[in-house]
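Asker: The structure's right below; bear with me while I get my questions together.
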Amino acid sequence: MDPVVLYNVHHQEVFGIPISLYFYLTGLSAGSFILSTFSHVFGVKKYQPLGKPGVVLATVLLIVAPLMLLFHAGKPSRAWHLFVYINWTSPISWGSFLLTLYPICCIVYGFFMFKGDAKKTKLFGIIGIPLAVMVHGYTGWILAFGKARALWNTALMPILFLVSAIVSGIALMIVVSLIRDRLFSKEKLVNREVMDGLCNLLAIALVVDIFLVLSDVTTLLISHADAQEVAHVLLFGNFALSFVLLENVVGKVIPLFVFAVPRWRTVPAVLVASLLVVVAIFIMRYNVVVGGEDIPLM
């Protein structure tokens with residue numbers, strides 16, 4: 001009779017916190033950049049104070065984000081291979097070029113903004129918007145191509161990543177705007193028009209985000225066995241606390257009421273709610289990336 005060999009194989013976590021941070025920072029960058037274009041590209045003058053801080057944040061975050069990717073890769077000295085050995089069917093190959101073009105566009109856009117050249121600022125803002133969308137959208141495609149992972153392999157993933165990028169970008173800009181107005185402006189007064197406008201935008205974005213998350217989870221619950229197991233992990237298993245309570249209840253639903261109800265929009269409440277949203281979107285990235293690998297592949 002043939003012997004039976006039993007052995008344990010270590011469950012390797014392919015993507016971890018560095019990749020979660022990479023996805024998170026690119027999303028913050030995309031959201032901040034798009035907000036910075038509201039005045040200079042779309043002509044919404046009340047958001048003009050967001051232009052300069054938005055492009056500075058977008059540029060800095062997009063410079064830091066690839067460092068997380070290189071740290072994860074383990075051999076950053078070989079990153080140049082991505083520009084030489086190109087696989088046009090791989091979102092990673094496309095992302096390598098997008099991660100190069102987008103920060104360059106941010107820098108040029110910001111240069112003309114600070115210089116006061118409205119025409120060229122608008123031009124590079126128009127160029128930068130699709131680049132910002134593609135830079136973060138491709139990160140969602142990377143996960144969506146993971147056929148073996150039920151949480152990742154969904155057409156909603158790129159859209160969910162883009163919407164959450166807008167959510168985190170608006171929340172971050174609220175925090176930056178409030179701090180700037182209270183500490184660094186001459187009047188030391190909060191611009192209520194900007195704050196109320198951003199609160200309205202964030203309330204809408206949060207509703208869309210919550211709807212997408214609910215759609216994703218309910219689809220998992222009625223899908224095949226692997227998908228149902230992933231849904232159980234998020235709702236009742238190892239990630240229930242971070243997914244249900246921290247990400248969605250504390251980080252999205254409670255802030256939504258603050259942003260949606262005008263009489264609750266005191267400066268301290270809006271600041272705390274915005275910080276909760278900023279943290280919640282990072283938790284969302286962690287839940288998706290690491291939670292999607294919680295069930296070992298057979």
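Following the order of the structure tokens, chains are lettered A, B, ..., residues in each are numbered from 1, and ligands are numbered from 1.
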So that I can see what lies close to range 99-114 of chain A, please list as a ChimeraX atom specification the residues with an atom at most 10 Å from it, counting only C-alpha atoms and leaving out residues fewer than 3 positions away in the same chain.

Answerer: /A:26,29-30,33,36-37,40,51-63,65-66,94-96,117-136

Asker: Produce a file of the selected residues containing C-alpha atoms, as a PDB file, in the first residue's frame.

Answerer:
```pdb
ATOM      1  CA  THR A  26      -3.140  56.523  -5.049  1.00  0.00           C
ATOM      2  CA  SER A  29      -4.059  61.427  -4.752  1.00  0.00           C
ATOM      3  CA  ALA A  30      -6.713  60.912  -7.431  1.00  0.00           C
ATOM      4  CA  PHE A  33      -6.395  66.106  -7.847  1.00  0.00           C
ATOM      5  CA  SER A  36      -8.331  70.746  -7.296  1.00  0.00           C
ATOM      6  CA  THR A  37      -9.716  70.934 -10.855  1.00  0.00           C
ATOM      7  CA  HIS A  40      -9.502  75.733 -12.596  1.00  0.00           C
ATOM      8  CA  GLY A  51      -6.764  74.258  -6.058  1.00  0.00           C
ATOM      9  CA  LYS A  52      -3.263  74.674  -4.654  1.00  0.00           C
ATOM     10  CA  PRO A  53      -3.510  72.386  -1.598  1.00  0.00           C
ATOM     11  CA  GLY A  54      -5.256  69.790  -3.788  1.00  0.00           C
ATOM     12  CA  VAL A  55      -2.494  69.602  -6.390  1.00  0.00           C
ATOM     13  CA  VAL A  56       0.256  69.649  -3.741  1.00  0.00           C
ATOM     14  CA  LEU A  57      -1.379  66.738  -1.904  1.00  0.00           C
ATOM     15  CA  ALA A  58      -1.998  64.853  -5.139  1.00  0.00           C
ATOM     16  CA  THR A  59       1.652  65.186  -6.189  1.00  0.00           C
ATOM     17  CA  VAL A  60       3.185  64.298  -2.833  1.00  0.00           C
ATOM     18  CA  LEU A  61       0.894  61.306  -2.296  1.00  0.00           C
ATOM     19  CA  LEU A  62       1.584  59.999  -5.805  1.00  0.00           C
ATOM     20  CA  ILE A  63       5.340  60.258  -5.233  1.00  0.00           C
ATOM     21  CA  ALA A  65       2.643  55.672  -3.200  1.00  0.00           C
ATOM     22  CA  PRO A  66       5.032  53.841  -5.602  1.00  0.00           C
ATOM     23  CA  TRP A  94      -0.117  49.926 -18.098  1.00  0.00           C
ATOM     24  CA  GLY A  95       0.146  51.132 -14.506  1.00  0.00           C
ATOM     25  CA  SER A  96       3.899  51.556 -14.759  1.00  0.00           C
ATOM     26  CA  ASP A 117      -1.334  80.895 -16.013  1.00  0.00           C
ATOM     27  CA  ALA A 118      -5.034  79.994 -16.097  1.00  0.00           C
ATOM     28  CA  LYS A 119      -5.068  78.743 -19.693  1.00  0.00           C
ATOM     29  CA  LYS A 120      -2.252  76.206 -19.269  1.00  0.00           C
ATOM     30  CA  THR A 121      -3.520  75.242 -15.806  1.00  0.00           C
ATOM     31  CA  LYS A 122      -6.848  74.301 -17.366  1.00  0.00           C
ATOM     32  CA  LEU A 123      -5.142  72.414 -20.201  1.00  0.00           C
ATOM     33  CA  PHE A 124      -3.045  70.214 -17.900  1.00  0.00           C
ATOM     34  CA  GLY A 125      -5.987  69.827 -15.534  1.00  0.00           C
ATOM     35  CA  ILE A 126      -8.015  68.392 -18.403  1.00  0.00           C
ATOM     36  CA  ILE A 127      -5.139  66.043 -19.255  1.00  0.00           C
ATOM     37  CA  GLY A 128      -4.687  65.066 -15.615  1.00  0.00           C
ATOM     38  CA  ILE A 129      -8.293  64.086 -14.857  1.00  0.00           C
ATOM     39  CA  PRO A 130      -8.331  60.927 -17.035  1.00  0.00           C
ATOM     40  CA  LEU A 131      -4.812  60.106 -15.837  1.00  0.00           C
ATOM     41  CA  ALA A 132      -5.969  60.345 -12.208  1.00  0.00           C
ATOM     42  CA  VAL A 133      -8.966  58.132 -12.954  1.00  0.00           C
ATOM     43  CA  MET A 134      -6.848  55.566 -14.796  1.00  0.00           C
ATOM     44  CA  VAL A 135      -4.088  55.499 -12.164  1.00  0.00           C
ATOM     45  CA  HIS A 136      -6.521  54.477  -9.479  1.00  0.00           C
TER      46      HIS A 136
END
```

Asker: I need the residues of range 18-189 of chain A that end up classed as alpha helix (DSSP H) by DSSP on the backbone, written out as a count of residues only.

Answerer: 126

Asker: Work out how far CA of Val277 in chain A is from CA of Val258 in chain A, in Å to one decimal.

Answerer: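 A separation of 11.4 Å between them.
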
Asker: Mind checking which residues fall within 12 Å of Arg265 in chain A, counting only C-alpha atoms, ignoring those fewer than 3 positions away in the same chain, and posting them as number ranges by chain?

Answerer: A: 192-193, 195-200, 203, 255-262, 268-274

Asker: Export, as an mmCIF file, in the first residue's frame, the selected residues with N, CA and C atoms.

Answerer:
```
data_model
loop_
_atom_site.group_PDB
_atom_site.id
_atom_site.type_symbol
_atom_site.label_atom_id
_atom_site.label_comp_id
_atom_site.auth_asym_id
_atom_site.auth_seq_id
_atom_site.Cartn_x
_atom_site.Cartn_y
_atom_site.Cartn_z
ATOM 1 N N ARG A 192 -17.372 78.703 5.329
ATOM 2 C CA ARG A 192 -18.546 77.847 5.439
ATOM 3 C C ARG A 192 -19.072 77.410 4.080
ATOM 4 N N GLU A 193 -18.933 78.266 3.076
ATOM 5 C CA GLU A 193 -19.426 77.907 1.744
ATOM 6 C C GLU A 193 -18.675 76.697 1.201
ATOM 7 N N MET A 195 -16.926 74.502 3.059
ATOM 8 C CA MET A 195 -17.166 73.353 3.929
ATOM 9 C C MET A 195 -18.529 72.718 3.642
ATOM 10 N N ASP A 196 -19.567 73.548 3.505
ATOM 11 C CA ASP A 196 -20.900 73.004 3.239
ATOM 12 C C ASP A 196 -20.952 72.323 1.875
ATOM 13 N N GLY A 197 -20.289 72.926 0.885
ATOM 14 C CA GLY A 197 -20.266 72.315 -0.440
ATOM 15 C C GLY A 197 -19.586 70.967 -0.435
ATOM 16 N N LEU A 198 -18.453 70.873 0.269
ATOM 17 C CA LEU A 198 -17.731 69.603 0.355
ATOM 18 C C LEU A 198 -18.522 68.573 1.155
ATOM 19 N N CYS A 199 -19.221 69.023 2.200
ATOM 20 C CA CYS A 199 -20.056 68.100 2.980
ATOM 21 C C CYS A 199 -21.168 67.509 2.118
ATOM 22 N N ASN A 200 -21.769 68.343 1.280
ATOM 23 C CA ASN A 200 -22.820 67.842 0.380
ATOM 24 C C ASN A 200 -22.257 66.819 -0.599
ATOM 25 N N ALA A 203 -21.427 63.574 1.273
ATOM 26 C CA ALA A 203 -22.637 62.809 1.617
ATOM 27 C C ALA A 203 -23.109 61.990 0.416
ATOM 28 N N PRO A 255 -20.563 59.171 9.957
ATOM 29 C CA PRO A 255 -20.196 60.441 9.300
ATOM 30 C C PRO A 255 -21.224 60.912 8.282
ATOM 31 N N LEU A 256 -21.889 59.974 7.612
ATOM 32 C CA LEU A 256 -22.893 60.355 6.619
ATOM 33 C C LEU A 256 -23.979 61.218 7.241
ATOM 34 N N PHE A 257 -24.428 60.882 8.443
ATOM 35 C CA PHE A 257 -25.454 61.680 9.105
ATOM 36 C C PHE A 257 -24.946 63.086 9.418
ATOM 37 N N VAL A 258 -23.668 63.190 9.811
ATOM 38 C CA VAL A 258 -23.083 64.512 10.087
ATOM 39 C C VAL A 258 -23.074 65.371 8.828
ATOM 40 N N PHE A 259 -22.655 64.781 7.710
ATOM 41 C CA PHE A 259 -22.552 65.540 6.462
ATOM 42 C C PHE A 259 -23.924 65.837 5.848
ATOM 43 N N ALA A 260 -24.889 64.953 6.056
ATOM 44 C CA ALA A 260 -26.192 65.090 5.393
ATOM 45 C C ALA A 260 -27.138 66.037 6.125
ATOM 46 N N VAL A 261 -26.941 66.216 7.423
ATOM 47 C CA VAL A 261 -27.849 67.061 8.221
ATOM 48 C C VAL A 261 -27.160 68.399 8.490
ATOM 49 N N PRO A 262 -27.604 69.487 7.867
ATOM 50 C CA PRO A 262 -26.922 70.787 8.003
ATOM 51 C C PRO A 262 -26.730 71.254 9.440
ATOM 52 N N PRO A 268 -16.174 71.169 14.683
ATOM 53 C CA PRO A 268 -15.578 69.977 15.311
ATOM 54 C C PRO A 268 -16.186 68.668 14.809
ATOM 55 N N ALA A 269 -17.521 68.654 14.630
ATOM 56 C CA ALA A 269 -18.182 67.429 14.175
ATOM 57 C C ALA A 269 -17.740 67.071 12.760
ATOM 58 N N VAL A 270 -17.657 68.062 11.881
ATOM 59 C CA VAL A 270 -17.241 67.813 10.499
ATOM 60 C C VAL A 270 -15.789 67.350 10.453
ATOM 61 N N LEU A 271 -14.944 67.957 11.276
ATOM 62 C CA LEU A 271 -13.534 67.559 11.308
ATOM 63 C C LEU A 271 -13.381 66.112 11.756
ATOM 64 N N VAL A 272 -14.046 65.740 12.846
ATOM 65 C CA VAL A 272 -13.957 64.367 13.353
ATOM 66 C C VAL A 272 -14.547 63.387 12.346
ATOM 67 N N ALA A 273 -15.695 63.726 11.779
ATOM 68 C CA ALA A 273 -16.338 62.837 10.806
ATOM 69 C C ALA A 273 -15.458 62.636 9.579
ATOM 70 N N SER A 274 -14.795 63.704 9.127
ATOM 71 C CA SER A 274 -13.915 63.600 7.963
ATOM 72 C C SER A 274 -12.711 62.721 8.265
#
```

Asker: Skipping near chain neighbours, those fewer than 5 positions away, what residues fall within 9 Å of Gly27 in chain A using only C-alpha atoms, listed as a VMD selection string?

Answerer: chain A and resid 22 32 132 135 to 137 161 to 162 164 to 166 168 to 169

Asker: Produce a file of the selected residues containing N, CA and C atoms, as a PDB file, in the first residue's frame.

Answerer:
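Below is the file again35.pdb, written as the result:
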```pdb
ATOM      1  N   TYR A  22      -0.417  51.389  -0.778  1.00  0.00           N
ATOM      2  CA  TYR A  22      -0.247  51.833  -2.158  1.00  0.00           C
ATOM      3  C   TYR A  22      -1.596  52.173  -2.787  1.00  0.00           C
ATOM      4  N   SER A  32      -7.858  64.015  -4.496  1.00  0.00           N
ATOM      5  CA  SER A  32      -7.375  65.379  -4.245  1.00  0.00           C
ATOM      6  C   SER A  32      -7.176  66.136  -5.554  1.00  0.00           C
ATOM      7  N   ALA A 132      -5.656  60.639 -13.613  1.00  0.00           N
ATOM      8  CA  ALA A 132      -5.969  60.345 -12.208  1.00  0.00           C
ATOM      9  C   ALA A 132      -6.950  59.197 -12.102  1.00  0.00           C
ATOM     10  N   VAL A 135      -5.092  55.940 -13.140  1.00  0.00           N
ATOM     11  CA  VAL A 135      -4.088  55.499 -12.164  1.00  0.00           C
ATOM     12  C   VAL A 135      -4.743  54.725 -11.036  1.00  0.00           C
ATOM     13  N   HIS A 136      -5.891  55.224 -10.568  1.00  0.00           N
ATOM     14  CA  HIS A 136      -6.521  54.477  -9.479  1.00  0.00           C
ATOM     15  C   HIS A 136      -7.414  53.368 -10.007  1.00  0.00           C
ATOM     16  N   GLY A 137      -7.996  53.566 -11.176  1.00  0.00           N
ATOM     17  CA  GLY A 137      -8.840  52.515 -11.739  1.00  0.00           C
ATOM     18  C   GLY A 137      -8.066  51.247 -12.027  1.00  0.00           C
ATOM     19  N   PHE A 161     -13.184  51.111  -6.182  1.00  0.00           N
ATOM     20  CA  PHE A 161     -11.933  51.797  -5.875  1.00  0.00           C
ATOM     21  C   PHE A 161     -12.003  53.273  -6.265  1.00  0.00           C
ATOM     22  N   LEU A 162     -12.598  53.573  -7.415  1.00  0.00           N
ATOM     23  CA  LEU A 162     -12.693  54.960  -7.864  1.00  0.00           C
ATOM     24  C   LEU A 162     -13.610  55.769  -6.951  1.00  0.00           C
ATOM     25  N   SER A 164     -14.409  55.146  -3.804  1.00  0.00           N
ATOM     26  CA  SER A 164     -13.774  55.309  -2.494  1.00  0.00           C
ATOM     27  C   SER A 164     -12.622  56.308  -2.556  1.00  0.00           C
ATOM     28  N   ALA A 165     -11.978  56.432  -3.732  1.00  0.00           N
ATOM     29  CA  ALA A 165     -10.934  57.447  -3.910  1.00  0.00           C
ATOM     30  C   ALA A 165     -11.537  58.843  -3.805  1.00  0.00           C
ATOM     31  N   ILE A 166     -12.691  59.044  -4.444  1.00  0.00           N
ATOM     32  CA  ILE A 166     -13.374  60.327  -4.351  1.00  0.00           C
ATOM     33  C   ILE A 166     -13.780  60.614  -2.911  1.00  0.00           C
ATOM     34  N   SER A 168     -12.418  59.466  -0.067  1.00  0.00           N
ATOM     35  CA  SER A 168     -11.255  59.789   0.768  1.00  0.00           C
ATOM     36  C   SER A 168     -10.657  61.134   0.384  1.00  0.00           C
ATOM     37  N   GLY A 169     -10.657  61.459  -0.919  1.00  0.00           N
ATOM     38  CA  GLY A 169     -10.111  62.741  -1.351  1.00  0.00           C
ATOM     39  C   GLY A 169     -10.908  63.912  -0.816  1.00  0.00           C
TER      40      GLY A 169
END
```

Asker: Interatomic distance between CA of Leu276 in chain A and CA of Gly251 in chain A?

Answerer: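 A separation of 5.0 Å between them.
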
Asker: Enter the distance from CA of Pro158 in chain A to CA of Trp141 in chain A, in Å, rounded to one decimal.

Answerer: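 Taking CA of Pro158 in chain A and CA of Trp141 in chain A, their separation equals 5.6 Å.
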
Asker: If we count only C-alpha atoms, what is near range 231-234 of chain A at a cut-off of 10 Å, once residues fewer than 2 positions away on the same chain are taken out, given as a PDB file with N, CA and C atoms, in the first residue's frame?

Answerer:
```pdb
ATOM      1  N   ALA A 150     -12.513  35.319  -4.706  1.00  0.00           N
ATOM      2  CA  ALA A 150     -13.903  35.709  -4.962  1.00  0.00           C
ATOM      3  C   ALA A 150     -14.174  37.166  -4.599  1.00  0.00           C
ATOM      4  N   LEU A 151     -13.516  37.677  -3.567  1.00  0.00           N
ATOM      5  CA  LEU A 151     -13.739  39.064  -3.161  1.00  0.00           C
ATOM      6  C   LEU A 151     -13.188  40.044  -4.189  1.00  0.00           C
ATOM      7  N   ASP A 216     -22.018  44.541  -3.493  1.00  0.00           N
ATOM      8  CA  ASP A 216     -20.951  43.551  -3.583  1.00  0.00           C
ATOM      9  C   ASP A 216     -21.167  42.417  -2.588  1.00  0.00           C
ATOM     10  N   VAL A 217     -21.473  42.779  -1.341  1.00  0.00           N
ATOM     11  CA  VAL A 217     -21.614  41.766  -0.292  1.00  0.00           C
ATOM     12  C   VAL A 217     -22.841  40.895  -0.523  1.00  0.00           C
ATOM     13  N   THR A 218     -23.967  41.510  -0.896  1.00  0.00           N
ATOM     14  CA  THR A 218     -25.172  40.707  -1.132  1.00  0.00           C
ATOM     15  C   THR A 218     -25.000  39.764  -2.320  1.00  0.00           C
ATOM     16  N   THR A 219     -24.259  40.208  -3.327  1.00  0.00           N
ATOM     17  CA  THR A 219     -23.977  39.326  -4.458  1.00  0.00           C
ATOM     18  C   THR A 219     -23.116  38.145  -4.027  1.00  0.00           C
ATOM     19  N   LEU A 220     -22.141  38.405  -3.178  1.00  0.00           N
ATOM     20  CA  LEU A 220     -21.313  37.314  -2.658  1.00  0.00           C
ATOM     21  C   LEU A 220     -22.158  36.307  -1.877  1.00  0.00           C
ATOM     22  N   LEU A 221     -23.116  36.821  -1.111  1.00  0.00           N
ATOM     23  CA  LEU A 221     -23.927  35.945  -0.258  1.00  0.00           C
ATOM     24  C   LEU A 221     -24.796  34.971  -1.057  1.00  0.00           C
ATOM     25  N   ILE A 222     -25.180  35.333  -2.265  1.00  0.00           N
ATOM     26  CA  ILE A 222     -26.055  34.454  -3.048  1.00  0.00           C
ATOM     27  C   ILE A 222     -25.314  33.822  -4.227  1.00  0.00           C
ATOM     28  N   SER A 223     -23.990  33.927  -4.211  1.00  0.00           N
ATOM     29  CA  SER A 223     -23.202  33.387  -5.316  1.00  0.00           C
ATOM     30  C   SER A 223     -22.713  31.977  -4.975  1.00  0.00           C
ATOM     31  N   ALA A 225     -20.114  28.843  -3.665  1.00  0.00           N
ATOM     32  CA  ALA A 225     -19.688  28.516  -2.297  1.00  0.00           C
ATOM     33  C   ALA A 225     -18.495  29.341  -1.843  1.00  0.00           C
ATOM     34  N   ASP A 226     -17.483  29.526  -2.718  1.00  0.00           N
ATOM     35  CA  ASP A 226     -16.304  30.305  -2.342  1.00  0.00           C
ATOM     36  C   ASP A 226     -16.675  31.754  -2.030  1.00  0.00           C
ATOM     37  N   ALA A 227     -17.576  32.318  -2.821  1.00  0.00           N
ATOM     38  CA  ALA A 227     -18.013  33.695  -2.599  1.00  0.00           C
ATOM     39  C   ALA A 227     -18.771  33.811  -1.277  1.00  0.00           C
ATOM     40  N   GLN A 228     -19.610  32.844  -0.985  1.00  0.00           N
ATOM     41  CA  GLN A 228     -20.344  32.866   0.271  1.00  0.00           C
ATOM     42  C   GLN A 228     -19.401  32.768   1.472  1.00  0.00           C
ATOM     43  N   GLU A 229     -18.343  31.996   1.314  1.00  0.00           N
ATOM     44  CA  GLU A 229     -17.368  31.862   2.402  1.00  0.00           C
ATOM     45  C   GLU A 229     -16.653  33.191   2.652  1.00  0.00           C
ATOM     46  N   PHE A 236     -19.013  37.871   9.547  1.00  0.00           N
ATOM     47  CA  PHE A 236     -19.046  37.147  10.824  1.00  0.00           C
ATOM     48  C   PHE A 236     -17.695  36.573  11.236  1.00  0.00           C
ATOM     49  N   GLY A 237     -16.716  36.623  10.353  1.00  0.00           N
ATOM     50  CA  GLY A 237     -15.443  35.962  10.616  1.00  0.00           C
ATOM     51  C   GLY A 237     -14.347  36.897  11.105  1.00  0.00           C
ATOM     52  N   ASN A 238     -13.128  36.632  10.639  1.00  0.00           N
ATOM     53  CA  ASN A 238     -11.950  37.356  11.124  1.00  0.00           C
ATOM     54  C   ASN A 238     -11.995  38.854  10.845  1.00  0.00           C
ATOM     55  N   PHE A 239     -12.716  39.264   9.810  1.00  0.00           N
ATOM     56  CA  PHE A 239     -12.723  40.670   9.425  1.00  0.00           C
ATOM     57  C   PHE A 239     -14.039  41.367   9.750  1.00  0.00           C
ATOM     58  N   ALA A 240     -14.882  40.722  10.537  1.00  0.00           N
ATOM     59  CA  ALA A 240     -16.191  41.312  10.856  1.00  0.00           C
ATOM     60  C   ALA A 240     -16.043  42.635  11.606  1.00  0.00           C
ATOM     61  N   LEU A 241     -15.141  42.692  12.583  1.00  0.00           N
ATOM     62  CA  LEU A 241     -14.963  43.918  13.369  1.00  0.00           C
ATOM     63  C   LEU A 241     -14.498  45.073  12.491  1.00  0.00           C
ATOM     64  N   SER A 242     -13.485  44.831  11.673  1.00  0.00           N
ATOM     65  CA  SER A 242     -12.946  45.909  10.850  1.00  0.00           C
ATOM     66  C   SER A 242     -13.877  46.273   9.704  1.00  0.00           C
ATOM     67  N   PHE A 243     -14.567  45.269   9.117  1.00  0.00           N
ATOM     68  CA  PHE A 243     -15.427  45.549   7.973  1.00  0.00           C
ATOM     69  C   PHE A 243     -16.756  46.163   8.396  1.00  0.00           C
ATOM     70  N   VAL A 244     -17.482  45.492   9.272  1.00  0.00           N
ATOM     71  CA  VAL A 244     -18.821  45.942   9.636  1.00  0.00           C
ATOM     72  C   VAL A 244     -18.765  47.182  10.525  1.00  0.00           C
ATOM     73  N   ASN A 287      -9.184  45.662   4.248  1.00  0.00           N
ATOM     74  CA  ASN A 287     -10.160  44.580   4.251  1.00  0.00           C
ATOM     75  C   ASN A 287     -10.238  43.895   2.895  1.00  0.00           C
ATOM     76  N   VAL A 288     -10.203  44.686   1.827  1.00  0.00           N
ATOM     77  CA  VAL A 288     -10.292  44.113   0.488  1.00  0.00           C
ATOM     78  C   VAL A 288      -9.031  43.331   0.150  1.00  0.00           C
ATOM     79  N   GLY A 291      -8.232  40.815   3.458  1.00  0.00           N
ATOM     80  CA  GLY A 291      -9.410  39.969   3.670  1.00  0.00           C
ATOM     81  C   GLY A 291      -9.680  39.053   2.492  1.00  0.00           C
ATOM     82  N   GLY A 292      -9.346  39.521   1.291  1.00  0.00           N
ATOM     83  CA  GLY A 292      -9.537  38.692   0.123  1.00  0.00           C
ATOM     84  C   GLY A 292      -8.620  37.487   0.083  1.00  0.00           C
ATOM     85  N   ASP A 294      -7.802  35.847   3.015  1.00  0.00           N
ATOM     86  CA  ASP A 294      -7.949  35.173   4.301  1.00  0.00           C
ATOM     87  C   ASP A 294      -8.232  33.685   4.147  1.00  0.00           C
ATOM     88  N   ILE A 295      -8.926  33.320   3.086  1.00  0.00           N
ATOM     89  CA  ILE A 295      -9.234  31.909   2.856  1.00  0.00           C
ATOM     90  C   ILE A 295      -8.135  31.292   1.992  1.00  0.00           C
TER      91      ILE A 295
END
```
